[in-house]
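**Q** Could you have a look at this structure, given as C-alpha cells, before my questions?
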Amino acid sequence: MCNEMTTSLKTEVLESPLEIVLKGSNTKFITAFKELLLHPVYSRPTLQFIESSVKLAPNRARVLAESEHGRLIFIQLLKQTESWYSGEDNFYLHLLNSIISQLLSADLGNLFLSTFSEPIVNEDERLSLLKIVDAAIDSLLERKSTTLDCQPLLEILFRDFTTASAQAIPFIRSADTSPEYSDSLLSQLTNIWNRLIVLLDIYQTILDNQPSLKPEILKDNIIEELVSLLGEAQKSLPRRSKLADLEKSASKSSSGNVSDHDDLDPKDFPLIKGKIIYLLGTLVQENKQVQDLVRQLQGLELVLTNCIIDLNNPFIRERSILCLRYLLANNPENQDFVAKMEAKETVSEDALHEAGYETELVNGKLALKKRT
C-alpha cells in the first residue's frame, strides 16, 4: 500500500497545505502518512514536508494537535522518536527539534504538552515529547536573538513533575531491598526515572536563562515537592561512596572504558538527588522566604548530609556546598540551625569551610561566621 499511495501523496498532498491533508476526511492519506514515516526511504521526505510546512507558518501546526488526523500523525512521530535517539543518524532528530522549536516559538508548547498527555499518549510517548521539548527549549534559549516565553509551560511542567514524583516514590522506597523487577515494571521504573531527569533539566534550563520566572515557579509548591522527593531518596537510595566503588570508577575512567552514565542503574534513581539539590540552590538564592521554607521542611539537613562524594550523583558534593552557601547567606536562623548541628558533630567542618563559613564560640555557644 505504501508504494501505491506514494504517487498520490506526491501529486495531491505535497502540493497542498498540511491543513488540507490532516483536516480532510480521506483516511487513506493518513494511513499512507503513517506508513511513510516508517518507511526507510520515504520517512525523510515525509518528515521534511511536515517540518517545512510548520516552518513556513508555525501557527498551522495547531492542526497537529487539534485535528484527529493531526494527532495520529504526531503520535506516530513520538513513537519513532526513541528509535531515532538510539540511531546514529541525527537527521530525524534535527527535523523533529525544528518542528518543536517552531511550536514553542509560536506559543503552542502548552497546547501540545496538554494535548499529548495520557490517555492520548502512553508514558513512553510522553517521555519522548518531554525529551524533544527539553532539547528545543535548550536550543532556543541558547540563541539570544530568539524570544521564548516559558511561563505558559510552567503549570503543566509542575503537573508532570508531581505525577512522576508520586509514581517514583514506591520504587524509591523499595530500592534498599534490591528488588527483582519484571521486564514490565523495570520498563515503567526506567520511564519514571527518565521523566524526572528531563523535567528537572527543563526547570534548570528555564531558571538559568529566564531567572525572572523564578517567582512564577515558586507559586507552585515546587519547594515542597523537591524537598519531599529528596527526603524519600535520602532514606532509601544507595550511595556509592565506598573506596572500592571510587577505585573502580577511577580505573574505568583512566582506561577510557566508561561514559558519563553507562554504569548507573535506573533502579537506584541516579542523578536525581544531585539535580534536586542543584535546582534548590537556584531557587533559594537571595530569597529568605524560600531559605526559611527549606529549613522548615527539614531540607537544610538533607543538603548537609549530601556534602560527600556519591558516584550515583556526580558533583553532588559541590552542588550541596553551593546550595548550603545560598541557604546560609544573610539568614541568621539557618546559620544558627547549622551551628547547633555542628555542635552535635553532624556537620562536616570541611563542607562548612568550602561554603564560606566557620564556627566560633560566642557566649559559650557555637555560632557560624563568614570566613575571612
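Naming works like this for the C-alpha cells: A, B, ... for the chains as they're shown, residue 1 at the start of each chain, ligands 1 onward in shown order.
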At a cut-off of 10 Å, using only C-alpha atoms, what residues contact Ala61 in chain A? Leave out same-chain residues fewer than 2 positions from it and give the result as a ChimeraX atom specification.

**A** /A:18-19,50-51,53-55,57-59,63-66,70,99-100,102-103,106,108,112

**Q** At a cut-off of 10 Å, using only C-alpha atoms, what residues contact Leu37 in chain A? Leave out same-chain residues fewer than 5 positions from it and give the result as a list in words.

**A**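 My reading of the contact set: Ala32, Tyr42, Ser43, Arg44, Pro45, Thr46, Leu47, Ile73, Gln76, Leu77 and Gln80 of chain A.
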
**Q** Got time to write the residues from that selection, N, CA and C atoms, as a short mmCIF file (atom, residue, chain, number, x, y, z; two decimals), in the first residue's frame?

**A**
```
data_model
loop_
_atom_site.label_atom_id
_atom_site.label_comp_id
_atom_site.auth_asym_id
_atom_site.auth_seq_id
_atom_site.Cartn_x
_atom_site.Cartn_y
_atom_site.Cartn_z
N ALA A 32 -1.38 6.38 4.75
CA ALA A 32 -0.16 6.47 3.95
C ALA A 32 0.90 7.30 4.66
N TYR A 42 11.11 6.73 2.43
CA TYR A 42 10.18 7.86 2.35
C TYR A 42 9.99 8.60 3.67
N SER A 43 10.56 8.07 4.75
CA SER A 43 10.37 8.74 6.04
C SER A 43 11.03 10.13 6.06
N ARG A 44 12.18 10.24 5.39
CA ARG A 44 12.87 11.54 5.38
C ARG A 44 12.05 12.62 4.68
N PRO A 45 11.66 12.41 3.42
CA PRO A 45 10.89 13.48 2.76
C PRO A 45 9.55 13.76 3.43
N THR A 46 8.95 12.73 4.04
CA THR A 46 7.67 12.95 4.72
C THR A 46 7.86 13.85 5.93
N LEU A 47 8.91 13.57 6.72
CA LEU A 47 9.19 14.41 7.89
C LEU A 47 9.62 15.81 7.44
N ILE A 73 -0.88 11.56 13.39
CA ILE A 73 0.44 11.73 12.77
C ILE A 73 1.48 12.11 13.81
N GLN A 76 2.49 9.24 15.86
CA GLN A 76 3.40 8.38 15.11
C GLN A 76 4.83 8.92 15.18
N LEU A 77 4.97 10.24 15.13
CA LEU A 77 6.30 10.84 15.28
C LEU A 77 6.89 10.50 16.65
N GLN A 80 8.24 7.06 16.89
CA GLN A 80 9.52 6.88 16.20
C GLN A 80 10.69 7.51 16.94
#
```

**Q** Using CA of Glu301 in chain A and CA of Ser320 in chain A as the two end points, give the distance in Å to one decimal.

**A** 10.6 Å

**Q** Using only C-alpha atoms, pick whichever of A:Ala339, A:Thr282, A:Cys307, A:Gly299 has the shortest atom-to-atom distance to Pro211 in chain A.

**A**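 Of A:Ala339, A:Thr282, A:Cys307, A:Gly299, the one nearest Pro211 in chain A is A:Thr282, counting only C-alpha atoms.
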
**Q** Using DSSP assignments from the backbone, pull out every residue in range 106-312 of chain A that falls under alpha helix (DSSP H) and give it to me as a ChimeraX atom specification.

**A** /A:109-115,123-142,154-174,183-209,214-219,222-236,243-255,272-284,288-296,299-304

**Q** Any chance you can output those residues with C-alpha atoms as a short mmCIF file (atom, residue, chain, number, x, y, z; two decimals), in the first residue's frame?

**A**
```
data_model
loop_
_atom_site.label_atom_id
_atom_site.label_comp_id
_atom_site.auth_asym_id
_atom_site.auth_seq_id
_atom_site.Cartn_x
_atom_site.Cartn_y
_atom_site.Cartn_z
CA GLY A 109 4.07 24.45 23.52
CA ASN A 110 1.40 24.43 26.20
CA LEU A 111 -1.20 23.23 23.68
CA PHE A 112 0.96 20.28 22.66
CA LEU A 113 2.02 19.35 26.18
CA SER A 114 -1.61 19.50 27.28
CA THR A 115 -2.97 17.58 24.30
CA GLU A 123 4.16 7.04 29.16
CA ASP A 124 6.91 6.27 26.65
CA GLU A 125 5.45 8.65 24.08
CA ARG A 126 5.07 11.30 26.77
CA LEU A 127 8.73 10.86 27.69
CA SER A 128 9.70 11.26 24.03
CA LEU A 129 7.75 14.52 23.86
CA LEU A 130 9.40 15.83 27.02
CA LYS A 131 12.84 14.96 25.66
CA ILE A 132 12.18 16.85 22.44
CA VAL A 133 10.74 19.83 24.33
CA ASP A 134 13.79 19.85 26.61
CA ALA A 135 16.17 19.88 23.63
CA ALA A 136 14.12 22.52 21.82
CA ILE A 137 13.95 24.84 24.85
CA ASP A 138 17.68 24.47 25.34
CA SER A 139 18.50 25.27 21.71
CA LEU A 140 16.05 28.19 21.56
CA LEU A 141 17.32 29.79 24.76
CA GLU A 142 20.90 29.44 23.56
CA LEU A 154 5.12 26.04 33.96
CA GLU A 155 1.73 24.76 35.08
CA ILE A 156 1.86 21.60 33.01
CA LEU A 157 5.54 21.00 33.82
CA PHE A 158 4.68 21.12 37.52
CA ARG A 159 1.80 18.73 36.97
CA ASP A 160 4.10 16.32 35.17
CA PHE A 161 6.72 16.61 37.90
CA THR A 162 4.28 15.91 40.74
CA THR A 163 2.88 12.94 38.81
CA ALA A 164 6.32 11.47 38.12
CA SER A 165 7.38 12.06 41.74
CA ALA A 166 4.33 10.25 43.09
CA GLN A 167 4.96 7.35 40.71
CA ALA A 168 8.64 7.21 41.68
CA ILE A 169 8.22 7.08 45.47
CA PRO A 170 7.07 3.42 45.74
CA PHE A 171 10.06 2.35 43.63
CA ILE A 172 12.44 4.55 45.63
CA ARG A 173 11.19 3.12 48.93
CA SER A 174 11.92 -0.37 47.64
CA ASP A 183 10.59 -6.51 32.49
CA SER A 184 7.35 -4.56 32.50
CA LEU A 185 7.95 -2.99 35.92
CA LEU A 186 11.58 -2.26 35.12
CA SER A 187 10.49 -0.50 31.95
CA GLN A 188 7.98 1.54 33.95
CA LEU A 189 10.61 2.43 36.56
CA THR A 190 13.10 3.48 33.89
CA ASN A 191 10.48 5.67 32.22
CA ILE A 192 9.63 7.41 35.51
CA TRP A 193 13.31 7.96 36.30
CA ASN A 194 13.93 9.44 32.86
CA ARG A 195 10.90 11.72 33.10
CA LEU A 196 12.12 13.09 36.43
CA ILE A 197 15.58 13.72 34.99
CA VAL A 198 14.19 15.52 31.93
CA LEU A 199 11.76 17.63 33.97
CA LEU A 200 14.45 18.68 36.44
CA ASP A 201 16.67 19.61 33.49
CA ILE A 202 13.89 21.68 31.91
CA TYR A 203 13.32 23.59 35.14
CA GLN A 204 17.05 24.23 35.49
CA THR A 205 17.39 25.41 31.90
CA ILE A 206 14.46 27.81 32.30
CA LEU A 207 15.85 29.26 35.53
CA ASP A 208 19.37 29.58 34.14
CA ASN A 209 18.11 31.51 31.12
CA LYS A 214 11.56 32.21 39.49
CA PRO A 215 8.58 33.84 41.30
CA GLU A 216 6.19 32.11 38.90
CA ILE A 217 7.84 28.74 39.51
CA LEU A 218 7.71 29.31 43.27
CA LYS A 219 3.97 29.99 43.12
CA ILE A 222 7.79 23.22 43.90
CA ILE A 223 9.96 23.56 47.03
CA GLU A 224 7.73 21.17 48.98
CA GLU A 225 7.79 18.67 46.12
CA LEU A 226 11.56 18.86 45.70
CA VAL A 227 12.35 18.51 49.40
CA SER A 228 9.84 15.68 49.80
CA LEU A 229 11.34 13.73 46.90
CA LEU A 230 14.87 14.44 48.17
CA GLY A 231 13.88 13.14 51.60
CA GLU A 232 12.50 9.91 50.14
CA ALA A 233 15.64 9.49 48.06
CA GLN A 234 17.89 10.14 51.04
CA LYS A 235 16.15 7.50 53.16
CA SER A 236 16.20 4.66 50.65
CA LEU A 243 36.56 3.21 48.46
CA ALA A 244 36.06 0.15 46.26
CA ASP A 245 33.47 2.00 44.17
CA LEU A 246 35.70 5.04 43.84
CA GLU A 247 38.70 2.97 42.80
CA LYS A 248 36.62 1.02 40.28
CA SER A 249 35.28 4.25 38.78
CA ALA A 250 38.74 5.80 38.62
CA SER A 251 40.10 2.68 36.91
CA LYS A 252 37.37 2.75 34.26
CA SER A 253 37.82 6.46 33.65
CA SER A 254 41.59 6.22 33.28
CA SER A 255 41.27 3.34 30.82
CA ILE A 272 18.05 12.61 41.00
CA LYS A 273 19.45 13.89 44.30
CA GLY A 274 22.17 15.94 42.65
CA LYS A 275 19.75 17.60 40.23
CA ILE A 276 17.24 18.36 43.01
CA ILE A 277 19.91 20.00 45.16
CA TYR A 278 21.22 21.97 42.18
CA LEU A 279 17.70 23.23 41.46
CA LEU A 280 17.08 24.02 45.13
CA GLY A 281 20.27 26.09 45.18
CA THR A 282 18.98 28.15 42.27
CA LEU A 283 15.58 28.66 43.90
CA VAL A 284 16.82 29.64 47.38
CA LYS A 288 14.97 34.44 52.60
CA GLN A 289 11.41 33.17 52.48
CA VAL A 290 12.48 30.15 50.45
CA GLN A 291 15.60 29.67 52.60
CA ASP A 292 13.37 29.51 55.68
CA LEU A 293 10.92 27.17 53.98
CA VAL A 294 13.67 24.69 53.13
CA ARG A 295 14.76 24.68 56.78
CA GLN A 296 11.17 24.24 58.00
CA GLY A 299 15.61 20.29 53.75
CA LEU A 300 18.64 22.00 55.24
CA GLU A 301 19.86 18.84 56.93
CA LEU A 302 19.22 16.89 53.73
CA VAL A 303 21.56 19.24 51.87
CA LEU A 304 24.15 18.98 54.65
#
```

**Q** Restricting the calculation to only C-alpha atoms: of A:Arg62, A:Leu78, A:Lys34, A:Ile321, which residue gets closest to Tyr92 in chain A?

**A**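 Closest to Tyr92 in chain A, using only C-alpha atoms: A:Leu78.
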
**Q** One decimal, in Å: what's the spacing between CA of Asn312 in chain A and CA of Glu354 in chain A?

**A** 21.9 Å

**Q** Give me, please, the distance in Å between CA of Asp263 in chain A and CA of Phe91 in chain A, quoted to one decimal.

**A**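 Value for the CA of Asp263 in chain A-CA of Phe91 in chain A distance: 28.2 Å.
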
**Q** Considering only C-alpha atoms, can you say which of A:Asp107, A:Ser182, A:Asp176, A:Ile30 comes closest to Leu148 in chain A?

**A** A:Asp107
